[in-house]
>>> print(open('structure.cif').read())   # mmCIF, C-alpha atoms and all ligand atoms
data_my_file
loop_
_atom_site.label_atom_id
_atom_site.label_comp_id
_atom_site.auth_asym_id
_atom_site.auth_seq_id
_atom_site.Cartn_x
_atom_site.Cartn_y
_atom_site.Cartn_z
CA MET Y 1 47.45 -3.81 -181.54
CA SER Y 2 44.63 -6.22 -180.84
CA GLU Y 3 43.99 -8.95 -178.26
CA LYS Y 4 45.20 -11.54 -180.79
CA ASP Y 5 48.72 -10.10 -180.67
CA PHE Y 6 49.02 -11.44 -177.13
CA ILE Y 7 48.46 -15.07 -178.12
CA PRO Y 8 51.96 -16.55 -178.12
CA VAL Y 9 53.68 -18.52 -180.86
CA PRO Y 10 54.13 -22.23 -180.00
CA TYR Y 11 56.54 -22.71 -177.13
CA THR Y 12 59.96 -24.19 -177.79
CA THR Y 13 60.23 -26.03 -174.48
CA LEU Y 14 58.16 -26.19 -171.32
CA LYS Y 15 60.42 -26.30 -168.26
CA GLU Y 16 59.67 -29.08 -165.78
CA GLU Y 17 59.76 -26.89 -162.70
CA GLY Y 18 61.03 -23.64 -161.26
CA THR Y 19 60.23 -20.60 -159.13
CA VAL Y 20 59.70 -16.98 -160.16
CA SER Y 21 59.21 -13.99 -157.83
CA TYR Y 22 58.25 -10.36 -158.27
CA SER Y 23 57.52 -7.32 -156.20
CA SER Y 24 54.88 -5.08 -157.74
CA PRO Y 25 53.60 -1.73 -156.49
CA SER Y 26 50.24 -0.16 -155.97
CA ASN Y 27 49.42 3.06 -157.86
CA ILE Y 28 47.36 6.16 -157.24
CA ALA Y 29 45.29 7.58 -160.08
CA LEU Y 30 45.43 11.30 -160.88
CA VAL Y 31 42.75 10.99 -163.58
CA LYS Y 32 40.44 8.23 -162.39
CA TYR Y 33 39.25 5.07 -164.12
CA TRP Y 34 35.58 4.70 -163.19
CA GLY Y 35 33.32 2.81 -165.55
CA LYS Y 36 34.16 -0.06 -167.88
CA ARG Y 37 32.87 -2.06 -170.81
CA ASP Y 38 33.06 -5.82 -171.38
CA ASN Y 39 36.47 -7.50 -171.09
CA GLN Y 40 37.87 -4.89 -168.76
CA ILE Y 41 37.90 -2.14 -171.39
CA PRO Y 42 37.89 1.23 -169.61
CA ALA Y 43 35.09 3.69 -170.29
CA ASN Y 44 37.60 6.52 -170.04
CA PRO Y 45 41.37 7.01 -170.03
CA SER Y 46 43.28 7.36 -166.74
CA ILE Y 47 46.78 8.15 -165.50
CA SER Y 48 48.51 7.28 -162.22
CA PHE Y 49 51.60 7.76 -160.16
CA THR Y 50 53.27 4.44 -159.45
CA LEU Y 51 54.00 4.03 -155.73
CA ALA Y 52 57.17 2.71 -154.12
CA ALA Y 53 56.39 1.49 -150.61
CA CYS Y 54 52.98 -0.17 -151.00
CA VAL Y 55 53.89 -3.39 -152.78
CA THR Y 56 52.84 -7.02 -153.10
CA LYS Y 57 55.55 -9.66 -153.20
CA THR Y 58 54.56 -12.85 -154.95
CA SER Y 59 56.44 -16.03 -155.73
CA VAL Y 60 55.12 -18.79 -157.95
CA ASN Y 61 56.60 -22.24 -157.78
CA TYR Y 62 55.60 -24.33 -160.79
CA LYS Y 63 55.82 -28.04 -161.40
CA LYS Y 64 54.65 -29.84 -164.51
CA LYS Y 65 51.67 -32.14 -163.92
CA ASP Y 66 52.02 -35.76 -165.00
CA GLN Y 67 49.09 -35.20 -167.29
CA LYS Y 68 47.51 -31.95 -168.45
CA SER Y 69 44.10 -31.81 -166.76
CA ASP Y 70 41.12 -29.64 -167.47
CA GLU Y 71 41.37 -27.77 -164.18
CA PHE Y 72 43.70 -25.10 -162.92
CA SER Y 73 45.69 -26.47 -160.05
CA PHE Y 74 47.23 -24.25 -157.40
CA ASP Y 75 47.76 -23.71 -153.67
CA LEU Y 76 47.58 -20.20 -152.35
CA PHE Y 77 49.33 -18.78 -149.31
CA PHE Y 78 48.75 -15.22 -148.14
CA GLU Y 79 51.20 -13.95 -145.54
CA GLY Y 80 52.23 -17.52 -144.78
CA GLU Y 81 48.75 -18.97 -144.39
CA ALA Y 82 46.69 -21.03 -146.80
CA LYS Y 83 43.82 -18.83 -148.05
CA GLU Y 84 40.97 -20.79 -149.59
CA GLU Y 85 38.76 -17.68 -149.76
CA PHE Y 86 41.13 -15.93 -152.20
CA LYS Y 87 41.11 -18.86 -154.62
CA PRO Y 88 37.93 -18.12 -156.63
CA LYS Y 89 39.28 -14.70 -157.64
CA ILE Y 90 42.54 -16.26 -158.83
CA ASN Y 91 40.63 -18.98 -160.64
CA THR Y 92 38.58 -16.38 -162.53
CA PHE Y 93 41.80 -14.57 -163.42
CA LEU Y 94 43.39 -17.78 -164.71
CA LYS Y 95 40.32 -18.50 -166.83
CA ARG Y 96 40.47 -15.05 -168.40
CA ILE Y 97 44.17 -15.24 -169.24
CA GLU Y 98 44.45 -18.88 -170.28
CA VAL Y 99 44.04 -18.17 -173.98
CA TYR Y 100 47.08 -15.85 -173.77
CA LEU Y 101 49.14 -18.22 -171.58
CA PRO Y 102 48.20 -21.68 -172.88
CA PHE Y 103 50.60 -23.44 -170.50
CA LEU Y 104 48.59 -22.69 -167.37
CA LYS Y 105 46.79 -26.04 -167.17
CA GLU Y 106 50.05 -27.95 -167.63
CA TYR Y 107 51.33 -27.02 -164.18
CA HIS Y 108 50.59 -27.16 -160.50
CA PHE Y 109 51.41 -23.84 -158.87
CA VAL Y 110 52.24 -22.88 -155.32
CA ILE Y 111 51.54 -19.16 -155.06
CA LYS Y 112 52.90 -17.31 -152.03
CA THR Y 113 52.00 -13.68 -151.65
CA SER Y 114 52.28 -10.91 -149.07
CA ASN Y 115 51.66 -7.18 -148.89
CA SER Y 116 53.90 -4.49 -147.41
CA PHE Y 117 50.79 -2.69 -146.16
CA PRO Y 118 48.26 -4.05 -143.67
CA HIS Y 119 45.52 -6.15 -145.30
CA SER Y 120 42.73 -4.37 -143.47
CA SER Y 121 44.06 -0.88 -144.19
CA GLY Y 122 41.42 -0.09 -146.79
CA ILE Y 123 44.22 0.09 -149.36
CA ALA Y 124 43.23 -1.89 -152.42
CA SER Y 125 45.63 -4.75 -153.00
CA SER Y 126 44.18 -5.77 -156.35
CA ALA Y 127 46.51 -3.52 -158.40
CA SER Y 128 49.72 -4.72 -156.78
CA GLY Y 129 48.46 -8.29 -156.30
CA MET Y 130 47.22 -8.92 -159.83
CA SER Y 131 50.22 -7.24 -161.44
CA ALA Y 132 52.65 -9.29 -159.32
CA LEU Y 133 50.93 -12.52 -160.38
CA ALA Y 134 50.83 -11.49 -164.04
CA LEU Y 135 54.57 -10.74 -163.85
CA CYS Y 136 55.34 -14.18 -162.43
CA PHE Y 137 53.41 -15.95 -165.20
CA MET Y 138 55.04 -13.81 -167.89
CA GLU Y 139 58.47 -14.55 -166.46
CA MET Y 140 57.61 -18.24 -166.91
CA GLU Y 141 56.50 -17.66 -170.48
CA LYS Y 142 59.74 -15.85 -171.20
CA THR Y 143 61.70 -19.02 -170.44
CA PHE Y 144 59.51 -21.03 -172.84
CA LEU Y 145 60.18 -18.75 -175.82
CA ASP Y 146 63.30 -18.07 -177.85
CA THR Y 147 62.82 -14.35 -177.94
CA LEU Y 148 60.59 -11.87 -176.21
CA SER Y 149 61.35 -8.17 -176.40
CA ASN Y 150 61.19 -6.04 -173.25
CA GLU Y 151 58.52 -3.91 -174.84
CA HIS Y 152 56.29 -6.89 -175.60
CA PHE Y 153 56.93 -8.31 -172.14
CA ASN Y 154 55.80 -5.09 -170.43
CA ARG Y 155 52.79 -4.68 -172.68
CA LYS Y 156 51.65 -8.24 -172.24
CA VAL Y 157 52.09 -8.16 -168.44
CA SER Y 158 50.01 -5.00 -168.32
CA PHE Y 159 47.45 -6.56 -170.67
CA LEU Y 160 47.16 -9.67 -168.45
CA ALA Y 161 47.10 -7.67 -165.20
CA ARG Y 162 44.23 -5.59 -166.63
CA LEU Y 163 42.18 -8.76 -166.98
CA GLY Y 164 42.65 -9.33 -163.23
CA SER Y 165 41.89 -5.77 -162.20
CA GLY Y 166 41.78 -2.69 -164.42
CA SER Y 167 44.03 -0.47 -162.34
CA ALA Y 168 46.60 -3.31 -162.06
CA CYS Y 169 47.65 -2.60 -165.65
CA ARG Y 170 49.12 0.69 -164.41
CA SER Y 171 51.44 -0.99 -161.87
CA ILE Y 172 54.22 -2.43 -164.05
CA GLU Y 173 56.29 0.64 -164.84
CA GLY Y 174 56.73 4.12 -163.40
CA PRO Y 175 56.79 6.92 -162.46
CA LEU Y 176 53.64 7.81 -164.46
CA VAL Y 177 51.50 5.31 -166.35
CA GLN Y 178 48.63 6.06 -168.68
CA TRP Y 179 45.90 3.62 -169.71
CA GLY Y 180 43.03 4.03 -172.15
CA GLU Y 181 42.90 5.33 -175.69
CA THR Y 182 42.82 9.12 -175.91
CA PRO Y 183 43.76 11.42 -178.81
CA SER Y 184 46.22 13.55 -176.82
CA ILE Y 185 48.56 10.66 -175.93
CA GLU Y 186 50.39 8.84 -178.67
CA GLY Y 187 50.44 5.07 -178.28
CA SER Y 188 47.66 5.07 -175.68
CA SER Y 189 45.64 1.86 -175.62
CA ASN Y 190 42.57 0.38 -173.99
CA LEU Y 191 44.37 -2.96 -173.78
CA PHE Y 192 47.37 -2.03 -171.62
CA GLY Y 193 49.00 0.80 -169.72
CA ILE Y 194 52.01 2.62 -171.14
CA LYS Y 195 54.78 4.52 -169.42
CA TYR Y 196 53.70 8.13 -169.90
CA PRO Y 197 55.53 9.02 -173.14
CA ASP Y 198 55.75 12.83 -172.94
CA LYS Y 199 57.99 15.18 -171.00
CA VAL Y 200 57.63 15.27 -167.22
CA HIS Y 201 59.14 18.14 -165.21
CA ASP Y 202 61.49 17.04 -162.40
CA VAL Y 203 59.25 18.45 -159.70
CA LEU Y 204 56.50 16.01 -160.71
CA ASN Y 205 58.84 13.04 -160.91
CA ASN Y 206 59.60 13.43 -157.26
CA PHE Y 207 56.35 13.53 -155.35
CA HIS Y 208 55.46 12.13 -151.95
CA ASP Y 209 52.20 10.41 -151.13
CA THR Y 210 51.38 10.14 -147.45
CA ILE Y 211 48.38 7.84 -147.18
CA LEU Y 212 46.12 8.66 -144.26
CA LEU Y 213 44.16 5.64 -143.06
CA VAL Y 214 40.89 7.24 -142.06
CA ASP Y 215 38.76 4.13 -142.17
CA LYS Y 216 40.22 0.68 -142.36
CA GLY Y 217 36.89 -1.13 -142.57
CA GLU Y 218 35.69 -3.30 -145.43
CA LYS Y 219 34.77 -1.30 -148.51
CA GLN Y 220 31.10 -0.36 -148.60
CA VAL Y 221 31.01 -0.75 -152.36
CA SER Y 222 33.44 -2.90 -154.33
CA SER Y 223 35.03 -1.27 -157.33
CA THR Y 224 33.37 -3.86 -159.58
CA VAL Y 225 29.94 -2.71 -158.36
CA GLY Y 226 31.08 0.91 -158.59
CA HIS Y 227 32.08 0.57 -162.25
CA GLU Y 228 28.70 -1.03 -162.97
CA LEU Y 229 26.95 2.03 -161.63
CA MET Y 230 28.33 4.12 -164.49
CA HIS Y 231 26.10 2.19 -166.90
CA GLY Y 232 23.09 4.42 -167.41
CA HIS Y 233 24.49 7.01 -164.97
CA PRO Y 234 22.91 10.41 -165.77
CA PHE Y 235 26.31 12.14 -165.94
CA ALA Y 236 28.34 9.33 -167.51
CA LYS Y 237 28.97 10.99 -170.86
CA GLN Y 238 30.04 14.29 -169.32
CA ARG Y 239 32.33 12.45 -166.93
CA PHE Y 240 34.01 10.38 -169.64
CA ASP Y 241 34.51 13.51 -171.80
CA GLN Y 242 35.97 15.30 -168.79
CA ALA Y 243 38.57 12.56 -168.27
CA HIS Y 244 39.78 12.99 -171.88
CA ASP Y 245 39.95 16.78 -171.38
CA ASN Y 246 41.85 16.44 -168.12
CA LEU Y 247 44.43 14.17 -169.72
CA GLN Y 248 44.94 16.66 -172.49
CA LYS Y 249 45.30 19.52 -170.00
CA LEU Y 250 47.77 17.49 -167.94
CA LYS Y 251 50.15 17.33 -170.88
CA SER Y 252 51.48 20.88 -170.54
CA VAL Y 253 51.01 20.79 -166.76
CA LEU Y 254 53.34 17.80 -166.51
CA SER Y 255 55.94 19.11 -168.93
CA GLU Y 256 56.06 22.60 -167.40
CA GLY Y 257 55.65 21.53 -163.79
CA ASP Y 258 52.60 23.78 -163.44
CA LEU Y 259 51.68 22.73 -159.90
CA ASP Y 260 48.68 25.02 -159.47
CA THR Y 261 46.85 23.51 -162.43
CA PHE Y 262 48.04 20.05 -161.38
CA ILE Y 263 46.37 20.51 -157.99
CA ASN Y 264 43.20 21.77 -159.62
CA ILE Y 265 42.91 18.74 -161.91
CA VAL Y 266 43.86 16.15 -159.28
CA GLU Y 267 41.52 17.38 -156.57
CA SER Y 268 38.69 17.87 -159.03
CA GLU Y 269 39.15 14.29 -160.28
CA ALA Y 270 38.99 12.93 -156.72
CA LEU Y 271 35.83 14.86 -155.92
CA THR Y 272 34.26 13.93 -159.25
CA LEU Y 273 34.86 10.24 -158.56
CA HIS Y 274 32.97 10.60 -155.28
CA ALA Y 275 30.33 12.78 -156.93
CA MET Y 276 29.71 9.94 -159.40
CA MET Y 277 29.07 7.58 -156.48
CA MET Y 278 26.81 10.06 -154.76
CA THR Y 279 24.75 10.59 -157.91
CA SER Y 280 24.40 6.97 -159.02
CA ASN Y 281 21.49 4.74 -158.09
CA PRO Y 282 21.97 3.13 -155.63
CA TYR Y 283 24.03 6.02 -154.20
CA PHE Y 284 26.92 5.94 -151.75
CA ILE Y 285 28.92 8.31 -149.61
CA LEU Y 286 32.32 6.79 -149.09
CA MET Y 287 33.92 9.78 -147.42
CA LYS Y 288 33.81 9.91 -143.63
CA PRO Y 289 33.58 13.07 -141.53
CA ASN Y 290 37.35 12.84 -140.97
CA THR Y 291 37.95 12.70 -144.73
CA LEU Y 292 36.25 16.10 -145.03
CA SER Y 293 38.10 17.51 -142.04
CA ILE Y 294 41.40 16.50 -143.63
CA ILE Y 295 40.46 18.10 -146.95
CA ASN Y 296 39.54 21.35 -145.21
CA GLU Y 297 42.80 21.35 -143.22
CA ILE Y 298 44.78 20.84 -146.44
CA TRP Y 299 43.02 23.74 -148.15
CA LYS Y 300 43.61 26.03 -145.17
CA PHE Y 301 47.26 25.08 -144.84
CA ARG Y 302 47.92 25.39 -148.57
CA GLN Y 303 46.69 28.95 -148.53
CA VAL Y 304 48.75 30.13 -145.59
CA SER Y 305 51.91 28.14 -146.36
CA LYS Y 306 51.90 28.80 -150.12
CA THR Y 307 52.95 25.19 -150.63
CA HIS Y 308 51.60 22.76 -153.22
CA VAL Y 309 50.17 20.08 -151.00
CA CYS Y 310 46.98 18.51 -152.36
CA PHE Y 311 44.83 15.42 -151.93
CA THR Y 312 43.35 12.64 -153.92
CA LEU Y 313 40.97 9.82 -152.97
CA ASP Y 314 40.27 6.27 -154.04
CA ALA Y 315 36.88 4.66 -153.78
CA GLY Y 316 37.01 4.91 -149.99
CA ALA Y 317 37.55 7.24 -147.04
CA ASN Y 318 41.37 7.23 -146.96
CA VAL Y 319 43.19 10.33 -148.16
CA HIS Y 320 46.35 10.38 -150.29
CA VAL Y 321 48.25 13.57 -149.48
CA LEU Y 322 50.50 14.54 -152.41
CA TYR Y 323 53.37 17.06 -152.23
CA PRO Y 324 56.68 17.75 -153.94
CA GLU Y 325 60.00 16.63 -152.44
CA ASN Y 326 61.24 20.23 -152.06
CA GLU Y 327 58.30 21.08 -149.76
CA LYS Y 328 58.60 18.00 -147.60
CA ASP Y 329 60.18 19.79 -144.64
CA ILE Y 330 57.19 22.13 -144.34
CA VAL Y 331 54.39 19.75 -145.33
CA PHE Y 332 55.29 16.61 -143.39
CA PRO Y 333 55.31 18.28 -139.94
CA PHE Y 334 51.90 19.74 -140.82
CA ILE Y 335 50.60 16.27 -141.73
CA LYS Y 336 51.87 14.84 -138.47
CA GLU Y 337 50.49 17.59 -136.31
CA LYS Y 338 47.17 18.40 -137.99
CA LEU Y 339 46.12 15.44 -140.15
CA VAL Y 340 47.31 12.28 -138.41
CA PRO Y 341 44.92 12.90 -135.47
CA TYR Y 342 42.07 12.23 -137.94
CA CYS Y 343 43.44 8.77 -138.83
CA GLN Y 344 42.07 5.58 -137.33
CA ASN Y 345 44.50 4.66 -134.52
CA GLY Y 346 46.81 7.39 -135.85
CA GLN Y 347 47.84 5.15 -138.78
CA TYR Y 348 49.38 6.41 -142.00
CA ILE Y 349 51.81 5.18 -144.66
CA CYS Y 350 54.69 7.23 -146.04
CA ASP Y 351 54.95 6.48 -149.73
CA ARG Y 352 56.42 8.22 -152.74
CA ILE Y 353 56.57 7.84 -156.47
CA GLY Y 354 58.32 4.71 -157.66
CA LEU Y 355 59.65 3.21 -160.84
CA GLY Y 356 57.61 0.04 -161.07
CA ALA Y 357 57.81 -3.69 -160.48
CA LYS Y 358 61.03 -5.55 -159.65
CA LYS Y 359 62.09 -9.10 -160.24
CA LEU Y 360 63.20 -10.71 -156.97
C1 LIG Y 401 38.73 4.32 -157.91
O1 LIG Y 401 40.91 -1.41 -160.89
O2 LIG Y 401 39.86 -1.77 -158.63
O3 LIG Y 401 40.81 3.17 -157.85
O4 LIG Y 401 38.84 -3.30 -162.87
O5 LIG Y 401 36.94 -3.81 -161.35
O6 LIG Y 401 39.28 -4.42 -160.68
P1 LIG Y 401 38.39 -3.46 -161.44
O7 LIG Y 401 38.49 -2.05 -160.72
P2 LIG Y 401 39.70 -1.32 -160.04
O8 LIG Y 401 39.15 0.18 -160.03
C2 LIG Y 401 39.91 1.22 -159.52
C3 LIG Y 401 39.14 2.45 -159.44
C4 LIG Y 401 39.80 3.60 -158.72
C5 LIG Y 401 40.36 4.61 -159.71
C6 LIG Y 401 41.64 4.25 -160.41
O9 LIG Y 401 42.50 3.57 -159.83
O10 LIG Y 401 41.80 4.73 -161.55
#
>>> encode(input="structure.cif", output="structure tokens", more="lines below")
Ligand code: DP6
Amino acid sequence: MSEKDFIPVPYTTLKEEGTVSYSSPSNIALVKYWGKRDNQIPANPSISFTLAACVTKTSVNYKKKDQKSDEFSFDLFFEGEAKEEFKPKINTFLKRIEVYLPFLKEYHFVIKTSNSFPHSSGIASSASGMSALALCFMEMEKTFLDTLSNEHFNRKVSFLARLGSGSACRSIEGPLVQWGETPSIEGSSNLFGIKYPDKVHDVLNNFHDTILLVDKGEKQVSSTVGHELMHGHPFAKQRFDQAHDNLQKLKSVLSEGDLDTFINIVESEALTLHAMMMTSNPYFILMKPNTLSIINEIWKFRQVSKTHVCFTLDAGANVHVLYPENEKDIVFPFIKEKLVPYCQNGQYICDRIGLGAKKL
């Protein structure tokens, strides 16, 4: 498929007005997307668990303008309050997707959005936020067309969400979504995420993710800047090759439920992501002392308990603690007793793997 396949056929009718609403989740990458080319094309393939509890709920009320103007027209409310400062980002998104949704300038929109997780938690809201908005616009398009298959709907939502934020293209379906062309995964694409097409063992379909909020401050480096730093990075080629290798290795790990190798790949990916930041120029350390303490506690506990608890990290100090459902009764008390004390104000979020976005 190419970008052109997402330009719609002429619409049959444009509805005068209406409201569409979606809830869309965040996701946590197992193989990380870090580095991109023009037009939000990833430098390497990635795969993520879709989450269930961390979601953005967005509703879009649309009303046809008297005359189509040359500007996008919308009001934006975040958690009930008008948010002028979020508007430029949405405007950029609308500009990027207009060619694929040519009705956008015909309407005035009232966009109302809220997150299930605290805004200042250090949890990125771009994946859930951009995917929720893309879903609302696609739901509108669906009513303007005679037919639109489910498969095309999901692909196009993911394609549009990607243009808002790369990782957002992995938030439409679940439990595992893969994005970025790679030889080991049939149907993989740089343009959109796909529901992971191969066999997944039950144990891996049922994981928990307890998110430890170690540092809720503003991000020291935005992901956009972070991706930039992979251009001319001394280890870029090795890193991109490694992501392809890890995806290939994950194939049998996922189908057989080989948790030891799973842990090895997931933790190595998290540390590699941070190693890339530490070895770029300018360089950054996004882990905090408590991030390291948590990692060491997890390693110690895993050895004595013989469980399969492991960690992964985003581009920040917070730690995602991953463990299978059948070990919850041993791992969760450990998290509460030994890890939560390292969290800022003792804050954490209990999440687990989810099945993707929902129409409201
Ligand atoms: C570290 O999707 O936030 O979370 O495309 O610039 O919006 P943009 O970047 P973004 O990058 C996410 C990077 C990551 C790893 C991942 O989710 O794969």
>>> residues_near_ligand(input="structure.cif", ligand="ligand LIG 401 (chain Y)", cutoff="9 Å", atoms="only C-alpha atoms and all ligand atoms", output="PDB file with C-alpha atoms, in the coordinates of the input")
ATOM      1  CA  ASN Y  27      49.420   3.060-157.860  1.00  0.00           C
ATOM      2  CA  ILE Y  28      47.360   6.160-157.240  1.00  0.00           C
ATOM      3  CA  ALA Y  29      45.290   7.580-160.080  1.00  0.00           C
ATOM      4  CA  LEU Y  30      45.430  11.300-160.880  1.00  0.00           C
ATOM      5  CA  VAL Y  31      42.750  10.990-163.580  1.00  0.00           C
ATOM      6  CA  LYS Y  32      40.440   8.230-162.390  1.00  0.00           C
ATOM      7  CA  TYR Y  33      39.250   5.070-164.120  1.00  0.00           C
ATOM      8  CA  TRP Y  34      35.580   4.700-163.190  1.00  0.00           C
ATOM      9  CA  GLY Y  35      33.320   2.810-165.550  1.00  0.00           C
ATOM     10  CA  LYS Y  36      34.160  -0.060-167.880  1.00  0.00           C
ATOM     11  CA  GLN Y  40      37.870  -4.890-168.760  1.00  0.00           C
ATOM     12  CA  ILE Y  41      37.900  -2.140-171.390  1.00  0.00           C
ATOM     13  CA  PRO Y  42      37.890   1.230-169.610  1.00  0.00           C
ATOM     14  CA  PRO Y  45      41.370   7.010-170.030  1.00  0.00           C
ATOM     15  CA  SER Y  46      43.280   7.360-166.740  1.00  0.00           C
ATOM     16  CA  ILE Y  47      46.780   8.150-165.500  1.00  0.00           C
ATOM     17  CA  SER Y  48      48.510   7.280-162.220  1.00  0.00           C
ATOM     18  CA  ALA Y 124      43.230  -1.890-152.420  1.00  0.00           C
ATOM     19  CA  SER Y 125      45.630  -4.750-153.000  1.00  0.00           C
ATOM     20  CA  SER Y 126      44.180  -5.770-156.350  1.00  0.00           C
ATOM     21  CA  ALA Y 127      46.510  -3.520-158.400  1.00  0.00           C
ATOM     22  CA  ARG Y 162      44.230  -5.590-166.630  1.00  0.00           C
ATOM     23  CA  LEU Y 163      42.180  -8.760-166.980  1.00  0.00           C
ATOM     24  CA  GLY Y 164      42.650  -9.330-163.230  1.00  0.00           C
ATOM     25  CA  SER Y 165      41.890  -5.770-162.200  1.00  0.00           C
ATOM     26  CA  GLY Y 166      41.780  -2.690-164.420  1.00  0.00           C
ATOM     27  CA  SER Y 167      44.030  -0.470-162.340  1.00  0.00           C
ATOM     28  CA  ALA Y 168      46.600  -3.310-162.060  1.00  0.00           C
ATOM     29  CA  CYS Y 169      47.650  -2.600-165.650  1.00  0.00           C
ATOM     30  CA  ARG Y 170      49.120   0.690-164.410  1.00  0.00           C
ATOM     31  CA  SER Y 222      33.440  -2.900-154.330  1.00  0.00           C
ATOM     32  CA  SER Y 223      35.030  -1.270-157.330  1.00  0.00           C
ATOM     33  CA  THR Y 224      33.370  -3.860-159.580  1.00  0.00           C
ATOM     34  CA  VAL Y 225      29.940  -2.710-158.360  1.00  0.00           C
ATOM     35  CA  GLY Y 226      31.080   0.910-158.590  1.00  0.00           C
ATOM     36  CA  HIS Y 227      32.080   0.570-162.250  1.00  0.00           C
ATOM     37  CA  GLU Y 228      28.700  -1.030-162.970  1.00  0.00           C
ATOM     38  CA  ALA Y 270      38.990  12.930-156.720  1.00  0.00           C
ATOM     39  CA  LEU Y 273      34.860  10.240-158.560  1.00  0.00           C
ATOM     40  CA  HIS Y 274      32.970  10.600-155.280  1.00  0.00           C
ATOM     41  CA  LEU Y 313      40.970   9.820-152.970  1.00  0.00           C
ATOM     42  CA  ASP Y 314      40.270   6.270-154.040  1.00  0.00           C
ATOM     43  CA  ALA Y 315      36.880   4.660-153.780  1.00  0.00           C
ATOM     44  CA  GLY Y 316      37.010   4.910-149.990  1.00  0.00           C
TER      45      GLY Y 316
END
>>> closest_residue(input="structure.cif", among="Y:His201, Y:Asp245, Y:Asn345, Y:Phe6", to="Val157 (chain Y)", atoms="only C-alpha atoms")
Y:Phe6
>>> closest_residue(input="structure.cif", among="Y:Val221, Y:Val253, Y:Val319, Y:Val177", to="Asp202 (chain Y)", atoms="all atoms listed in the file")
Y:Val253
>>> atom_distance(input="structure.cif", atom1="CA of Ile97 (chain Y)", atom2="CA of Leu160 (chain Y)")
6.4 Å
>>> residues_around(input="structure.cif", residues="Glu106 (chain Y)", least_positions_apart="4", cutoff="9 Å", atoms="all atoms listed in the file", output="list in words")
Lys63, Lys64, Lys65, Asp66, Gln67, Lys68, Ser69, Phe72, Ser73 and Pro102 of chain Y
>>> residues_around(input="structure.cif", residues="Phe284 (chain Y)", least_positions_apart="3", cutoff="10 Å", atoms="only C-alpha atoms", output="list of chain:residue names")
Y:Gln220, Y:Val221, Y:Gly226, Y:His274, Y:Ala275, Y:Met276, Y:Met277, Y:Met278, Y:Thr279, Y:Ser280, Y:Asn281, Y:Met287
>>> write_last_selection(input="structure.cif", atoms="C-alpha atoms", output="PDB file, in the frame of the given file")
ATOM      1  CA  GLN Y 220      31.100  -0.360-148.600  1.00  0.00           C
ATOM      2  CA  VAL Y 221      31.010  -0.750-152.360  1.00  0.00           C
ATOM      3  CA  GLY Y 226      31.080   0.910-158.590  1.00  0.00           C
ATOM      4  CA  HIS Y 274      32.970  10.600-155.280  1.00  0.00           C
ATOM      5  CA  ALA Y 275      30.330  12.780-156.930  1.00  0.00           C
ATOM      6  CA  MET Y 276      29.710   9.940-159.400  1.00  0.00           C
ATOM      7  CA  MET Y 277      29.070   7.580-156.480  1.00  0.00           C
ATOM      8  CA  MET Y 278      26.810  10.060-154.760  1.00  0.00           C
ATOM      9  CA  THR Y 279      24.750  10.590-157.910  1.00  0.00           C
ATOM     10  CA  SER Y 280      24.400   6.970-159.020  1.00  0.00           C
ATOM     11  CA  ASN Y 281      21.490   4.740-158.090  1.00  0.00           C
ATOM     12  CA  MET Y 287      33.920   9.780-147.420  1.00  0.00           C
TER      13      MET Y 287
END
>>> atom_distance(input="structure.cif", atom1="CA of Ala134 (chain Y)", atom2="CA of Gly193 (chain Y)")
13.7 Å
>>> residues_around(input="structure.cif", residues="Pro8 (chain Y)", least_positions_apart="2", cutoff="12 Å", atoms="all atoms listed in the file", output="PyMOL selection string")
chain Y and resi 3-6+10-12+97-103+138+141-142+144-148+152-153+156
>>> write_last_selection(input="structure.cif", atoms="C-alpha atoms", output="CSV table (one decimal), keeping the file's coordinate frame")
chain,number,residue,atom,x,y,z
Y,3,GLU,CA,44.0,-9.0,-178.3
Y,4,LYS,CA,45.2,-11.5,-180.8
Y,5,ASP,CA,48.7,-10.1,-180.7
Y,6,PHE,CA,49.0,-11.4,-177.1
Y,10,PRO,CA,54.1,-22.2,-180.0
Y,11,TYR,CA,56.5,-22.7,-177.1
Y,12,THR,CA,60.0,-24.2,-177.8
Y,97,ILE,CA,44.2,-15.2,-169.2
Y,98,GLU,CA,44.4,-18.9,-170.3
Y,99,VAL,CA,44.0,-18.2,-174.0
Y,100,TYR,CA,47.1,-15.8,-173.8
Y,101,LEU,CA,49.1,-18.2,-171.6
Y,102,PRO,CA,48.2,-21.7,-172.9
Y,103,PHE,CA,50.6,-23.4,-170.5
Y,138,MET,CA,55.0,-13.8,-167.9
Y,141,GLU,CA,56.5,-17.7,-170.5
Y,142,LYS,CA,59.7,-15.8,-171.2
Y,144,PHE,CA,59.5,-21.0,-172.8
Y,145,LEU,CA,60.2,-18.8,-175.8
Y,146,ASP,CA,63.3,-18.1,-177.8
Y,147,THR,CA,62.8,-14.4,-177.9
Y,148,LEU,CA,60.6,-11.9,-176.2
Y,152,HIS,CA,56.3,-6.9,-175.6
Y,153,PHE,CA,56.9,-8.3,-172.1
Y,156,LYS,CA,51.6,-8.2,-172.2
>>> residues_around(input="structure.cif", residues="Lys359 (chain Y)", least_positions_apart="5", cutoff="12 Å", atoms="only C-alpha atoms", output="ChimeraX atom specification")
/Y:19-25,56-59,132-133,135-136,138-139,172
>>> atom_distance(input="structure.cif", atom1="CA of His233 (chain Y)", atom2="CA of Tyr283 (chain Y)")
10.8 Å
>>> closest_residue(input="structure.cif", among="Y:Gly354, Y:Gly217, Y:Pro183, Y:Pro197", to="Gln248 (chain Y)", atoms="only C-alpha atoms")
Y:Pro183
>>> closest_residue(input="structure.cif", among="Y:Leu271, Y:Leu339, Y:Cys54, Y:Leu259", to="Thr307 (chain Y)", atoms="only C-alpha atoms")
Y:Leu259
